[in-house]
$ cat input30.csv   # CSV, C-alpha atoms
chain,number,residue,atom,x,y,z
G,1,MET,CA,-2.2,6.6,-31.2
G,2,LYS,CA,-2.0,8.4,-27.9
G,3,ALA,CA,0.4,7.1,-25.3
G,4,ILE,CA,-0.5,5.0,-22.3
G,5,LEU,CA,0.6,6.4,-18.9
G,6,TYR,CA,1.5,4.3,-15.9
G,7,VAL,CA,1.5,6.4,-12.8
G,8,ARG,CA,4.5,5.2,-10.7
G,9,PRO,CA,3.3,4.4,-7.2
G,10,LEU,CA,5.0,4.4,-3.8
G,11,GLY,CA,7.6,1.8,-3.1
G,12,HIS,CA,10.3,0.3,-5.1
G,13,GLU,CA,9.1,-3.0,-6.3
G,14,PRO,CA,8.6,-2.5,-10.1
G,15,ALA,CA,5.4,-4.2,-11.4
G,16,SER,CA,6.6,-7.3,-13.3
G,17,PHE,CA,4.1,-6.8,-16.1
G,18,LEU,CA,5.8,-3.7,-17.3
G,19,ASP,CA,8.7,-5.8,-18.6
G,20,ARG,CA,6.4,-7.9,-20.8
G,21,PRO,CA,6.2,-7.4,-24.6
G,22,TYR,CA,2.5,-6.5,-24.2
G,23,ALA,CA,3.4,-3.6,-22.0
G,24,GLN,CA,5.9,-2.1,-24.4
G,25,GLY,CA,5.5,1.6,-25.0
G,26,ILE,CA,3.9,2.4,-21.7
G,27,VAL,CA,5.1,5.7,-20.4
G,28,GLN,CA,5.9,6.0,-16.7
G,29,GLN,CA,5.7,9.2,-14.5
G,30,ARG,CA,5.7,9.6,-10.8
G,31,VAL,CA,2.4,10.8,-9.3
G,32,TYR,CA,4.3,13.8,-8.0
G,33,ASP,CA,5.1,14.8,-11.5
G,34,LEU,CA,1.5,14.8,-12.8
G,35,PRO,CA,0.8,18.5,-12.0
G,36,GLY,CA,3.2,19.6,-14.7
G,37,LEU,CA,1.7,17.3,-17.4
G,38,ASP,CA,-1.0,17.8,-19.9
G,39,LEU,CA,-2.9,14.5,-19.3
G,40,THR,CA,-5.0,15.0,-22.5
G,41,ARG,CA,-1.9,13.9,-24.3
G,42,TYR,CA,-2.5,10.4,-23.0
G,43,GLY,CA,-5.1,7.9,-24.3
G,44,ALA,CA,-5.1,5.9,-21.1
G,45,ILE,CA,-3.8,6.2,-17.5
G,46,LEU,CA,-3.1,3.2,-15.3
G,47,VAL,CA,-3.2,3.8,-11.6
G,48,SER,CA,-1.7,1.3,-9.1
G,49,ALA,CA,-3.3,0.5,-5.8
G,50,HIS,CA,-0.2,1.8,-4.1
G,51,THR,CA,-0.5,5.3,-5.4
G,52,ASP,CA,-0.4,8.4,-3.2
G,53,GLN,CA,-4.1,9.1,-3.7
G,54,ARG,CA,-3.8,12.5,-2.0
G,55,ALA,CA,-1.4,13.6,-4.8
G,56,PHE,CA,-3.5,11.9,-7.5
G,57,ALA,CA,-6.8,13.5,-6.3
G,58,ALA,CA,-5.0,16.9,-6.2
G,59,CYS,CA,-4.9,16.5,-10.0
G,60,SER,CA,-8.7,16.2,-10.2
G,61,LYS,CA,-9.0,19.0,-12.8
G,62,GLN,CA,-6.4,17.4,-15.1
G,63,ILE,CA,-8.0,14.0,-14.7
G,64,THR,CA,-11.4,15.5,-15.6
G,65,ALA,CA,-9.9,17.2,-18.7
G,66,PHE,CA,-8.3,13.8,-19.6
G,67,LEU,CA,-11.7,12.1,-19.4
G,68,ASP,CA,-13.5,14.9,-21.2
G,69,ALA,CA,-11.0,14.3,-24.0
G,70,GLY,CA,-12.1,10.6,-24.2
G,71,GLY,CA,-9.4,9.1,-22.0
G,72,LEU,CA,-9.6,5.7,-20.4
G,73,LEU,CA,-8.6,5.5,-16.7
G,74,VAL,CA,-7.8,2.1,-15.2
G,75,PHE,CA,-7.9,2.5,-11.4
G,76,ASN,CA,-6.9,-0.1,-8.8
G,77,GLY,CA,-7.3,0.1,-5.1
G,78,HIS,CA,-9.6,1.4,-2.4
G,79,ILE,CA,-10.7,4.9,-3.0
G,80,ALA,CA,-9.5,7.0,0.0
G,81,TYR,CA,-9.5,10.4,-1.8
G,82,PRO,CA,-12.2,10.6,-4.4
G,83,PHE,CA,-10.8,12.4,-7.5
G,84,LEU,CA,-14.2,12.8,-9.3
G,85,PRO,CA,-17.5,14.0,-7.8
G,86,GLU,CA,-19.2,10.8,-8.8
G,87,LEU,CA,-16.8,8.6,-6.8
G,88,ALA,CA,-17.0,7.8,-3.1
G,89,LEU,CA,-15.0,6.2,-0.3
G,90,PHE,CA,-14.3,2.4,-0.4
G,91,VAL,CA,-16.7,0.2,1.6
G,92,PRO,CA,-15.1,-2.9,3.1
G,93,VAL,CA,-17.0,-6.1,3.5
G,94,PRO,CA,-17.8,-6.7,7.2
G,95,GLY,CA,-15.3,-9.5,8.0
G,96,PHE,CA,-12.9,-12.1,6.7
G,97,SER,CA,-15.1,-15.1,6.2
G,98,LEU,CA,-15.1,-17.0,3.0
G,99,ASN,CA,-18.8,-16.5,2.5
G,100,LEU,CA,-18.1,-12.8,2.0
G,101,LEU,CA,-15.2,-13.1,-0.4
G,102,GLN,CA,-16.4,-15.2,-3.3
G,103,ILE,CA,-16.2,-13.5,-6.7
G,104,ARG,CA,-19.1,-13.7,-9.1
G,105,ARG,CA,-19.1,-12.6,-12.7
G,106,THR,CA,-22.0,-10.4,-13.6
G,107,ALA,CA,-21.0,-9.3,-17.1
G,108,GLU,CA,-18.6,-10.5,-19.7
G,109,HIS,CA,-15.7,-8.2,-20.6
G,110,PRO,CA,-12.6,-8.8,-22.8
G,111,VAL,CA,-10.2,-8.1,-19.8
G,112,PHE,CA,-11.6,-11.2,-18.1
G,113,ASP,CA,-12.1,-13.5,-21.1
G,114,GLY,CA,-11.2,-17.0,-20.0
G,115,VAL,CA,-10.5,-16.0,-16.4
G,116,ASP,CA,-12.3,-18.4,-14.0
G,117,PRO,CA,-13.8,-16.4,-11.1
G,118,HIS,CA,-12.7,-19.3,-8.9
G,119,ASP,CA,-9.1,-18.2,-9.7
G,120,LEU,CA,-10.0,-14.7,-8.5
G,121,THR,CA,-11.7,-16.0,-5.3
G,122,PHE,CA,-8.7,-18.2,-4.4
G,123,ARG,CA,-5.0,-17.7,-4.7
G,124,ARG,CA,-3.1,-20.8,-3.7
G,125,GLY,CA,-6.3,-21.7,-1.9
G,126,VAL,CA,-6.5,-18.5,0.1
G,127,ALA,CA,-9.5,-16.2,-0.4
G,128,GLY,CA,-9.4,-12.4,-0.2
G,129,PHE,CA,-6.5,-11.3,-2.4
G,130,TYR,CA,-8.6,-10.1,-5.2
G,131,GLY,CA,-11.0,-7.9,-3.3
G,132,ARG,CA,-12.5,-7.3,0.2
G,133,GLY,CA,-14.9,-4.5,-0.5
G,134,HIS,CA,-15.9,-2.1,-3.2
G,135,ASN,CA,-15.7,1.5,-4.5
G,136,PRO,CA,-19.3,2.7,-4.8
G,137,LEU,CA,-20.7,2.8,-8.3
G,138,PRO,CA,-21.4,6.0,-10.3
G,139,GLN,CA,-24.9,6.0,-11.9
G,140,GLY,CA,-24.8,4.0,-15.1
G,141,ALA,CA,-21.7,1.9,-14.4
G,142,LEU,CA,-21.7,-1.7,-15.6
G,143,VAL,CA,-20.7,-4.2,-12.9
G,144,LEU,CA,-18.3,-6.9,-14.0
G,145,HIS,CA,-17.6,-8.8,-10.7
G,146,ARG,CA,-19.4,-8.8,-7.4
G,147,LEU,CA,-18.4,-10.2,-4.0
G,148,SER,CA,-20.7,-12.6,-2.2
G,149,GLY,CA,-20.6,-10.2,0.8
G,150,ASN,CA,-23.3,-7.6,0.4
G,151,ASP,CA,-23.2,-8.3,-3.4
G,152,ALA,CA,-20.5,-5.6,-3.4
G,153,PRO,CA,-19.6,-4.3,-6.9
G,154,LEU,CA,-15.9,-5.0,-6.9
G,155,ASP,CA,-15.2,-4.4,-10.6
G,156,TRP,CA,-17.0,-2.0,-12.8
G,157,VAL,CA,-16.7,0.0,-16.0
G,158,TRP,CA,-18.3,3.4,-16.3
G,159,GLN,CA,-18.8,5.3,-19.5
G,160,ARG,CA,-18.7,8.8,-18.2
G,161,PRO,CA,-21.6,10.9,-19.6
G,162,ALA,CA,-19.3,13.9,-20.1
G,163,GLY,CA,-16.6,11.7,-21.8
G,164,GLY,CA,-14.1,9.1,-21.1
G,165,THR,CA,-14.2,5.7,-19.4
G,166,VAL,CA,-13.3,4.6,-15.9
G,167,PHE,CA,-12.4,0.9,-15.4
G,168,MET,CA,-12.4,0.3,-11.7
G,169,HIS,CA,-11.0,-2.6,-9.7
G,170,GLY,CA,-11.5,-2.1,-5.9
G,171,GLY,CA,-8.7,-4.3,-4.9
G,172,ASN,CA,-5.0,-4.9,-5.4
G,173,ASN,CA,-3.5,-4.4,-8.8
G,174,LEU,CA,-5.1,-6.4,-11.7
G,175,TRP,CA,-1.6,-7.0,-13.1
G,176,MET,CA,-0.3,-8.6,-9.9
G,177,TYR,CA,-1.6,-12.0,-11.2
G,178,ALA,CA,0.6,-11.8,-14.3
G,179,ASP,CA,2.9,-14.6,-13.1
G,180,ASP,CA,0.2,-16.7,-11.4
G,181,PRO,CA,-0.2,-20.4,-12.5
G,182,SER,CA,-3.9,-19.9,-13.1
G,183,SER,CA,-6.3,-18.4,-15.5
G,184,ALA,CA,-5.9,-15.1,-13.6
G,185,ALA,CA,-2.6,-14.7,-15.4
G,186,ARG,CA,-4.7,-13.8,-18.5
G,187,ILE,CA,-5.8,-10.5,-16.9
G,188,ALA,CA,-2.7,-8.4,-17.5
G,189,PRO,CA,-2.2,-9.1,-21.2
G,190,GLN,CA,-5.9,-8.9,-21.9
G,191,LEU,CA,-6.1,-5.6,-20.0
G,192,MET,CA,-3.3,-4.2,-22.1
G,193,ALA,CA,-4.9,-5.5,-25.3
G,194,TRP,CA,-8.2,-3.9,-24.4
G,195,VAL,CA,-6.6,-0.6,-23.3
G,196,THR,CA,-4.6,-0.5,-26.5
G,197,ALA,CA,-7.7,-1.1,-28.5
G,198,GLN,CA,-9.5,1.7,-26.8
G,199,VAL,CA,-6.7,4.3,-27.4
G,200,GLU,CA,-6.1,3.2,-31.0
G,201,PRO,CA,-8.1,5.6,-33.1
G,202,HIS,CA,-8.6,3.4,-36.1
G,203,ALA,CA,-9.3,0.2,-34.2
G,204,GLU,CA,-12.8,-1.3,-33.9
G,205,LYS,CA,-13.7,-0.5,-30.3
G,206,GLU,CA,-14.8,-3.3,-28.1
G,207,PRO,CA,-18.0,-2.7,-26.3
G,208,ALA,CA,-17.2,-1.8,-22.7
W,1,MET,CA,3.4,20.9,22.4
W,2,SER,CA,1.7,19.4,25.5
W,3,SER,CA,3.6,17.7,28.3
W,4,MET,CA,2.4,14.3,27.0
W,5,PRO,CA,4.9,12.7,24.6
W,6,CYS,CA,3.9,13.6,21.1
W,7,ILE,CA,3.9,11.1,18.3
W,8,VAL,CA,3.7,12.4,14.7
W,9,ALA,CA,2.8,9.9,12.1
W,10,VAL,CA,3.9,10.1,8.4
W,11,ASP,CA,1.1,9.7,5.9
W,12,GLY,CA,2.1,8.6,2.4
W,13,GLY,CA,-1.3,9.4,0.9
W,14,ALA,CA,-2.1,5.8,-0.1
W,15,TYR,CA,-5.4,4.2,0.9
W,16,PHE,CA,-3.8,1.9,3.5
W,17,HIS,CA,-2.1,4.9,5.2
W,18,ARG,CA,-5.4,6.6,5.6
W,19,ALA,CA,-7.1,3.4,6.7
W,20,THR,CA,-4.5,2.9,9.4
W,21,LEU,CA,-4.1,6.5,10.6
W,22,ALA,CA,-7.9,7.1,10.7
W,23,ASP,CA,-8.7,3.8,12.4
W,24,ALA,CA,-10.5,4.7,15.7
W,25,ARG,CA,-8.4,2.1,17.5
W,26,PHE,CA,-5.1,3.7,16.5
W,27,ALA,CA,-5.8,7.4,15.8
W,28,PRO,CA,-5.5,8.3,19.6
W,29,TYR,CA,-1.8,7.3,19.4
W,30,PHE,CA,-1.1,9.8,16.6
W,31,ASP,CA,-1.1,13.4,17.9
W,32,ASP,CA,-0.5,14.7,14.5
W,33,VAL,CA,-0.1,13.4,11.0
W,34,MET,CA,2.3,14.8,8.4
W,35,TYR,CA,1.9,14.2,4.7
W,36,ALA,CA,5.1,12.7,3.4
W,37,PRO,CA,5.6,15.2,0.5
W,38,GLU,CA,5.4,18.0,3.0
W,39,LEU,CA,7.9,16.7,5.5
W,40,ALA,CA,10.8,18.7,4.1
W,41,ALA,CA,9.0,22.0,3.8
W,42,LYS,CA,7.1,21.9,7.1
W,43,LEU,CA,9.6,21.0,9.8
W,44,ASP,CA,7.0,21.4,12.7
W,45,TRP,CA,7.3,17.6,13.2
W,46,MET,CA,10.7,18.1,14.7
W,47,GLU,CA,9.0,19.5,17.8
W,48,ALA,CA,7.5,16.1,18.5
W,49,ASP,CA,9.0,13.4,20.6
W,50,CYS,CA,8.6,10.6,18.1
W,51,LEU,CA,8.3,10.3,14.3
W,52,PHE,CA,6.3,7.2,13.3
W,53,VAL,CA,7.0,6.4,9.7
W,54,THR,CA,4.2,4.1,8.5
W,55,SER,CA,4.9,1.2,6.1
W,56,ARG,CA,5.6,1.7,2.5
W,57,GLN,CA,6.6,5.4,2.1
W,58,ASP,CA,8.1,6.7,-1.1
W,59,PRO,CA,11.9,6.4,-0.3
W,60,ALA,CA,12.7,9.6,-2.2
W,61,LEU,CA,10.4,11.7,0.1
W,62,MET,CA,12.1,10.2,3.2
W,63,GLN,CA,15.6,10.8,1.7
W,64,ALA,CA,14.7,14.5,1.4
W,65,VAL,CA,14.5,14.7,5.2
W,66,ARG,CA,17.5,12.6,5.9
W,67,GLN,CA,19.4,15.4,7.7
W,68,PRO,CA,16.4,16.7,9.7
W,69,ILE,CA,15.8,13.1,10.9
W,70,ALA,CA,19.5,12.9,11.9
W,71,ASP,CA,19.1,16.2,13.8
W,72,PHE,CA,15.9,14.9,15.4
W,73,LEU,CA,17.8,11.8,16.6
W,74,ALA,CA,20.7,13.9,17.8
W,75,ALA,CA,18.2,15.7,20.0
W,76,GLY,CA,17.5,12.4,21.7
W,77,LYS,CA,14.2,11.7,20.0
W,78,THR,CA,12.6,8.6,18.6
W,79,VAL,CA,12.1,7.5,15.0
W,80,VAL,CA,10.0,4.4,14.2
W,81,ALA,CA,10.5,3.0,10.7
W,82,MET,CA,8.0,0.4,9.6
W,83,GLY,CA,8.9,-1.8,6.7
W,84,GLU,CA,9.2,-1.3,2.9
W,85,SER,CA,10.4,2.3,2.8
W,86,GLN,CA,14.1,1.7,2.1
W,87,ALA,CA,15.0,3.0,5.6
W,88,GLU,CA,18.6,2.2,4.9
W,89,THR,CA,18.7,5.2,2.6
W,90,TRP,CA,17.5,7.7,5.2
W,91,LEU,CA,17.9,6.3,8.7
W,92,PRO,CA,21.3,6.0,10.5
W,93,GLY,CA,22.7,2.5,11.1
W,94,VAL,CA,20.1,0.6,9.1
W,95,ALA,CA,21.4,-2.3,7.0
W,96,TRP,CA,18.8,-4.1,5.0
W,97,HIS,CA,19.1,-7.4,3.2
W,98,THR,CA,16.5,-8.5,0.7
W,99,SER,CA,15.3,-12.1,1.0
W,100,GLU,CA,12.7,-13.9,-1.1
W,101,VAL,CA,9.3,-13.0,0.4
W,102,ASN,CA,7.9,-16.1,2.1
W,103,PHE,CA,4.3,-15.2,1.4
W,104,TRP,CA,3.1,-18.8,1.7
W,105,TRP,CA,5.0,-20.5,4.5
W,106,TRP,CA,1.9,-20.7,6.7
W,107,LEU,CA,0.0,-22.9,4.2
W,108,THR,CA,2.3,-25.8,5.2
W,109,PRO,CA,1.0,-27.5,8.3
W,110,GLY,CA,3.4,-27.3,11.2
W,111,ALA,CA,5.8,-25.0,9.2
W,112,ASP,CA,8.2,-22.9,11.1
W,113,SER,CA,7.9,-19.1,10.5
W,114,GLY,CA,11.6,-18.8,11.0
W,115,LEU,CA,11.1,-16.1,13.7
W,116,ARG,CA,12.4,-16.1,17.2
W,117,VAL,CA,12.0,-13.7,20.2
W,118,GLY,CA,15.2,-11.8,20.4
W,119,THR,CA,14.8,-10.3,23.9
W,120,SER,CA,11.9,-11.8,25.8
W,121,GLU,CA,12.3,-9.5,28.8
W,122,HIS,CA,11.7,-6.4,26.7
W,123,ASP,CA,8.6,-4.4,27.5
W,124,LEU,CA,7.3,-4.7,24.0
W,125,PHE,CA,6.4,-8.4,24.8
W,126,LYS,CA,4.1,-7.2,27.6
W,127,HIS,CA,2.0,-5.8,24.8
W,128,LEU,CA,2.3,-8.4,22.1
W,129,THR,CA,3.5,-11.9,21.3
W,130,LEU,CA,5.8,-13.4,18.7
W,131,ALA,CA,2.7,-14.6,16.8
W,132,ASP,CA,1.6,-10.9,16.5
W,133,THR,CA,4.8,-10.2,14.6
W,134,THR,CA,4.5,-13.2,12.4
W,135,TRP,CA,3.5,-12.9,8.8
W,136,HIS,CA,5.6,-13.0,5.7
W,137,GLN,CA,9.1,-11.3,5.6
W,138,HIS,CA,10.4,-9.1,2.9
W,139,GLY,CA,13.9,-9.1,4.2
W,140,TYR,CA,16.0,-8.7,7.3
W,141,LEU,CA,18.2,-6.2,9.1
W,142,ASP,CA,21.5,-6.3,10.8
W,143,ALA,CA,21.0,-5.0,14.4
W,144,PRO,CA,23.7,-2.4,14.8
W,145,PRO,CA,26.3,-2.9,17.6
W,146,GLY,CA,24.7,-2.1,20.9
W,147,ALA,CA,21.1,-2.3,19.6
W,148,THR,CA,18.5,-4.7,21.1
W,149,SER,CA,17.0,-7.1,18.6
W,150,LEU,CA,13.4,-7.9,19.6
W,151,VAL,CA,12.6,-10.3,16.8
W,152,ASN,CA,15.3,-12.4,15.2
W,153,ARG,CA,15.3,-14.7,12.2
W,154,ALA,CA,16.5,-18.3,13.0
W,155,ALA,CA,18.6,-18.0,9.9
W,156,GLY,CA,20.3,-14.9,11.2
W,157,GLY,CA,19.5,-11.2,11.2
W,158,SER,CA,16.8,-9.1,12.9
W,159,ILE,CA,13.3,-8.1,11.7
W,160,LEU,CA,12.6,-5.7,14.6
W,161,TYR,CA,15.2,-3.9,16.7
W,162,GLU,CA,15.5,-0.9,19.1
W,163,ASP,CA,18.7,1.0,18.7
W,164,ARG,CA,19.8,3.5,21.3
W,165,ALA,CA,23.5,3.2,20.4
W,166,THR,CA,23.9,4.5,16.9
W,167,THR,CA,22.6,8.0,17.7
W,168,PRO,CA,21.8,10.0,20.9
W,169,GLY,CA,18.1,9.2,20.1
W,170,ARG,CA,16.3,5.9,19.6
W,171,ILE,CA,15.6,4.1,16.4
W,172,VAL,CA,13.0,1.4,16.2
W,173,ALA,CA,13.3,-0.3,12.8
W,174,THR,CA,11.5,-3.3,11.3
W,175,THR,CA,11.1,-5.1,8.1
W,176,LEU,CA,7.4,-5.7,9.0
W,177,ASP,CA,4.8,-3.7,7.1
W,178,PRO,CA,1.7,-3.8,9.3
W,179,CYS,CA,0.2,-0.5,8.2
W,180,TYR,CA,-0.1,-1.8,4.7
W,181,HIS,CA,-1.8,-5.0,5.5
W,182,HIS,CA,-4.0,-3.6,8.3
W,183,GLY,CA,-5.0,-0.8,6.1
W,184,SER,CA,-5.9,-3.3,3.4
W,185,ASN,CA,-8.3,-5.2,5.7
W,186,PHE,CA,-6.0,-8.2,5.4
W,187,MET,CA,-4.0,-10.3,7.8
W,188,PRO,CA,-5.4,-10.0,11.4
W,189,ALA,CA,-1.8,-10.5,12.8
W,190,THR,CA,-0.9,-7.0,11.5
W,191,THR,CA,-3.9,-5.5,13.3
W,192,ARG,CA,-2.8,-7.3,16.5
W,193,PHE,CA,0.7,-6.0,16.0
W,194,LEU,CA,-0.4,-2.4,15.9
W,195,THR,CA,-2.8,-3.0,18.8
W,196,GLY,CA,0.2,-4.0,21.0
W,197,PHE,CA,2.9,-1.9,19.5
W,198,LEU,CA,1.3,1.6,19.7
W,199,PRO,CA,0.5,1.4,23.5
W,200,TRP,CA,4.1,0.1,24.0
W,201,LEU,CA,5.5,3.0,22.0
W,202,ARG,CA,3.5,5.6,23.9
W,203,GLY,CA,4.5,4.1,27.2
W,204,SER,CA,8.1,3.9,26.3
W,205,LEU,CA,8.1,7.6,25.4
W,206,ALA,CA,6.5,8.5,28.8
W,207,ASN,CA,9.1,6.4,30.7
W,208,LYS,CA,12.2,7.9,29.2
W,209,ASP,CA,14.6,9.9,31.3
$ encode --input "input30.csv" --output "C-alpha cells"
Amino acid sequence: MKAILYVRPLGHEPASFLDRPYAQGIVQQRVYDLPGLDLTRYGAILVSAHTDQRAFAACSKQITAFLDAGGLLVFNGHIAYPFLPELALFVPVPGFSLNLLQIRRTAEHPVFDGVDPHDLTFRRGVAGFYGRGHNPLPQGALVLHRLSGNDAPLDWVWQRPAGGTVFMHGGNNLWMYADDPSSAARIAPQLMAWVTAQVEPHAEKEPA
Amino acid sequence: MSSMPCIVAVDGGAYFHRATLADARFAPYFDDVMYAPELAAKLDWMEADCLFVTSRQDPALMQAVRQPIADFLAAGKTVVAMGESQAETWLPGVAWHTSEVNFWWWLTPGADSGLRVGTSEHDLFKHLTLADTTWHQHGYLDAPPGATSLVNRAAGGSILYEDRATTPGRIVATTLDPCYHHGSNFMPATTRFLTGFLPWLRGSLANKD
C-alpha cells in the first residue's frame, strides 16, 4: 500500500486527528519540502485549509504526476492559487445570513455516512463554520453537499479523466470536527477509512 | 521609496492572507507585499517604514529573519505582529502565554469578554472601539516595561500593545488574528478591526518624528 501524506500547514497547532489510531501511518511533510519529493510514491495527499497555497500550487507538475498515477487528493480550504487547470478561485456566498449557510446533502458518500447535515450547518448553534462559499466544479464532478446560498457546491469529488481523484471541501478542515459532540465527529475516521480503502491496492474500492 | 511612509505586508501564501491583502478596502494600506518564504533572501523590505506581519505565519520563516527584523527595529522602524505566528520566537520583548481559547464565550447572554481598554486616550481608539478588538483569545502577552498596553485582559496580561521601549523602533504586538478570520469571510468584528487599525497605523507612521 502506498503511504498517505499529510502536508503540514502554517502554524503550530497540530491537528488532533493525527494522534488517533485511525490516522496511524500518515506521513507528514512541510509544504516547503514538497519540491524535493516524488509525490507518485504516495497513494493519497491530505491538504489542510491552512496550507501555503502559493507553495503548494508551485508543485503543480508534481501534483499532476501524482494524480496521473492514480493518486487521491483531499483538499480543504478556499482555492486562492489554483494548482490544476480545471480549478478556479473560491467564490464566497454573498453575506452572513443563515438562509445562505444551510448545508444540503446532494449525494451519499462513505465519508459522510451517518453525518446529519444539521450538524454541519450548526456548530454549538452557530452557522457558517463548515462552509461559506465554494470552489468551482470541474466538469464531471459529483457534488456531495451544497449551501443554500446560490446552491453553492461546497463539497465535491472529481474523478479526473486523466487519472486520480480530487475530494474537495471548500471550507475549514474536515478533520476539525473530530472532537465534536455531534455526528460531525464521524467525518475524520470515515474520511481516513475511505482514503485508506482507495490507496489499498487489493481492497474493494468504494464508489466515489 | 516615496516620501509617504511605506508599509510592507507579509503574505504567508494561505487563502486568508490573499483574501485580506487583496481586499480592495485594505490593499491601499499595503505598499508592497512580501511572500514569507522570500523574506530572508530578498531584504528589500528593510527599506520600508513598517513591516506588517499578517496573522498565522509559519514561525520558522519568521525566525529566519529574526536578525534583519532586529536591525529594522534598531533603525527606528515599526514591526506589527498579528497573532498566531509565535512572535515570541522572532520579535524582541514578546512574552506569550497560552490560554484556553474561549471560542464560545459570546454565546452566553450577558457574558463578559474579559477584555478592557488599556489606554483609552491612545489614538488607536479614535479609529476603533473595544468591541472591534473583541472575539476569542488564543492567549495573552506580557506588555514589556515601558510599553503601552492598548487592550488588557481583566484577568491580567495584554492582548494588544505598542512598545517603543524595548528597541529604538516600535513594536505593535497582538494575540488577535484578524487577517485569518477576515480572510475567511467570518467574524465581522475582525473586519472592523482592520478597517480601524490600518488607517491608524498609516497615520501613526506619518506623525512620527
$ interface_residues --input "input30.csv" --of "chain G" --to "chain W" --cutoff "7 Å" --atoms "only C-alpha atoms" --output "PyMOL selection string"
chain G and resi 10-11+50-54+78-80
$ residues_around --input "input30.csv" --residues "Asp142 in chain W" --least-positions-apart "4" --cutoff "7 Å" --atoms "all atoms listed in the file" --output "JSON, numbers by chain"
{"W": [95, 96, 157, 158]}
$ atom_distance --input "input30.csv" --atom1 "CA of Leu124 in chain W" --atom2 "CA of Thr166 in chain W"
20.3 Å
$ residues_around --input "input30.csv" --residues "Ala15 in chain G" --least-positions-apart "4" --cutoff "9 Å" --atoms "only C-alpha atoms" --output "number ranges by chain"
G: 19, 175-176
$ atom_distance --input "input30.csv" --atom1 "CA of Ala74 in chain W" --atom2 "CA of Ala48 in chain W"
13.4 Å
$ residues_near_point --input "input30.csv" --point "(-0.2, 10.3, -26.2)" --cutoff "8 Å" --atoms "only C-alpha atoms" --output "compact mmCIF listing (two decimals) with C-alpha atoms, keeping the file's coordinate frame"
# COMPACT_ATOMS: atom_id res chain seq x y z
CA MET G 1 -2.20 6.60 -31.20
CA LYS G 2 -2.00 8.40 -27.90
CA ALA G 3 0.40 7.10 -25.30
CA ILE G 4 -0.50 5.00 -22.30
CA THR G 40 -5.00 15.00 -22.50
CA ARG G 41 -1.90 13.90 -24.30
CA TYR G 42 -2.50 10.40 -23.00
CA GLY G 43 -5.10 7.90 -24.30
$ residues_near_point --input "input30.csv" --point "(-7.5, -13.9, 0.1)" --cutoff "10 Å" --atoms "all atoms listed in the file" --output "list in words"
Phe96, Ser97, Leu98, Leu101, Gln102, Leu120, Thr121, Phe122, Arg123, Arg124, Gly125, Val126, Ala127, Gly128, Phe129, Tyr130, Gly131 and Arg132 of chain G; Phe186 and Met187 of chain W
$ residues_around --input "input30.csv" --residues "range 20-23 of chain G" --least-positions-apart "3" --cutoff "12 Å" --atoms "only C-alpha atoms" --output "short mmCIF file (atom, residue, chain, number, x, y, z; two decimals) with C-alpha atoms, in the frame of the given file"
data_model
loop_
_atom_site.label_atom_id
_atom_site.label_comp_id
_atom_site.auth_asym_id
_atom_site.auth_seq_id
_atom_site.Cartn_x
_atom_site.Cartn_y
_atom_site.Cartn_z
CA ALA G 3 0.40 7.10 -25.30
CA ILE G 4 -0.50 5.00 -22.30
CA LEU G 5 0.60 6.40 -18.90
CA TYR G 6 1.50 4.30 -15.90
CA ALA G 15 5.40 -4.20 -11.40
CA SER G 16 6.60 -7.30 -13.30
CA PHE G 17 4.10 -6.80 -16.10
CA ILE G 26 3.90 2.40 -21.70
CA VAL G 27 5.10 5.70 -20.40
CA GLN G 28 5.90 6.00 -16.70
CA LEU G 46 -3.10 3.20 -15.30
CA TRP G 175 -1.60 -7.00 -13.10
CA ALA G 178 0.60 -11.80 -14.30
CA ASP G 179 2.90 -14.60 -13.10
CA ARG G 186 -4.70 -13.80 -18.50
CA ILE G 187 -5.80 -10.50 -16.90
CA ALA G 188 -2.70 -8.40 -17.50
CA PRO G 189 -2.20 -9.10 -21.20
CA GLN G 190 -5.90 -8.90 -21.90
CA LEU G 191 -6.10 -5.60 -20.00
CA MET G 192 -3.30 -4.20 -22.10
CA ALA G 193 -4.90 -5.50 -25.30
CA TRP G 194 -8.20 -3.90 -24.40
CA VAL G 195 -6.60 -0.60 -23.30
CA THR G 196 -4.60 -0.50 -26.50
#
$ closest_atom_pairs --input "input30.csv" --of "range 40-86 of chain G" --to "range 146-163 of chain G" --cutoff "7 Å" --atoms "all atoms listed in the file" --output "Markdown table"
| residue | atom | partner | partner_atom | distance |
| --- | --- | --- | --- | --- |
| G:Leu67 | CA | G:Gly163 | CA | 5.5 |
| G:Asp68 | CA | G:Gly163 | CA | 4.5 |
| G:Ala69 | CA | G:Gly163 | CA | 6.6 |
| G:Gly70 | CA | G:Gly163 | CA | 5.2 |
$ atom_distance --input "input30.csv" --atom1 "CA of Asn172 in chain G" --atom2 "CA of Asn76 in chain G"
6.2 Å
$ residues_around --input "input30.csv" --residues "range 29-35 of chain G" --least-positions-apart "6" --cutoff "7 Å" --atoms "all atoms listed in the file" --output "VMD selection string"
chain G and resid 6 to 9 55 to 56 59
$ closest_residue --input "input30.csv" --among "G:Asn99, G:Thr165, G:Ser182, G:Asn135" --to "Ile45 in chain G" --atoms "only C-alpha atoms"
G:Thr165
$ closest_residue --input "input30.csv" --among "G:Pro92, G:Pro201, G:Gly164, G:Gly36" --to "Thr64 in chain G" --atoms "all atoms listed in the file"
G:Gly164
$ closest_residue --input "input30.csv" --among "W:Val65, W:Pro168, W:Leu73, W:Phe197" --to "Leu130 in chain W" --atoms "all atoms listed in the file"
W:Phe197
$ residues_around --input "input30.csv" --residues "Thr134 in chain W" --least-positions-apart "2" --cutoff "8 Å" --atoms "only C-alpha atoms" --output "JSON, numbers by chain"
{"W": [113, 115, 130, 131, 132, 136, 189]}
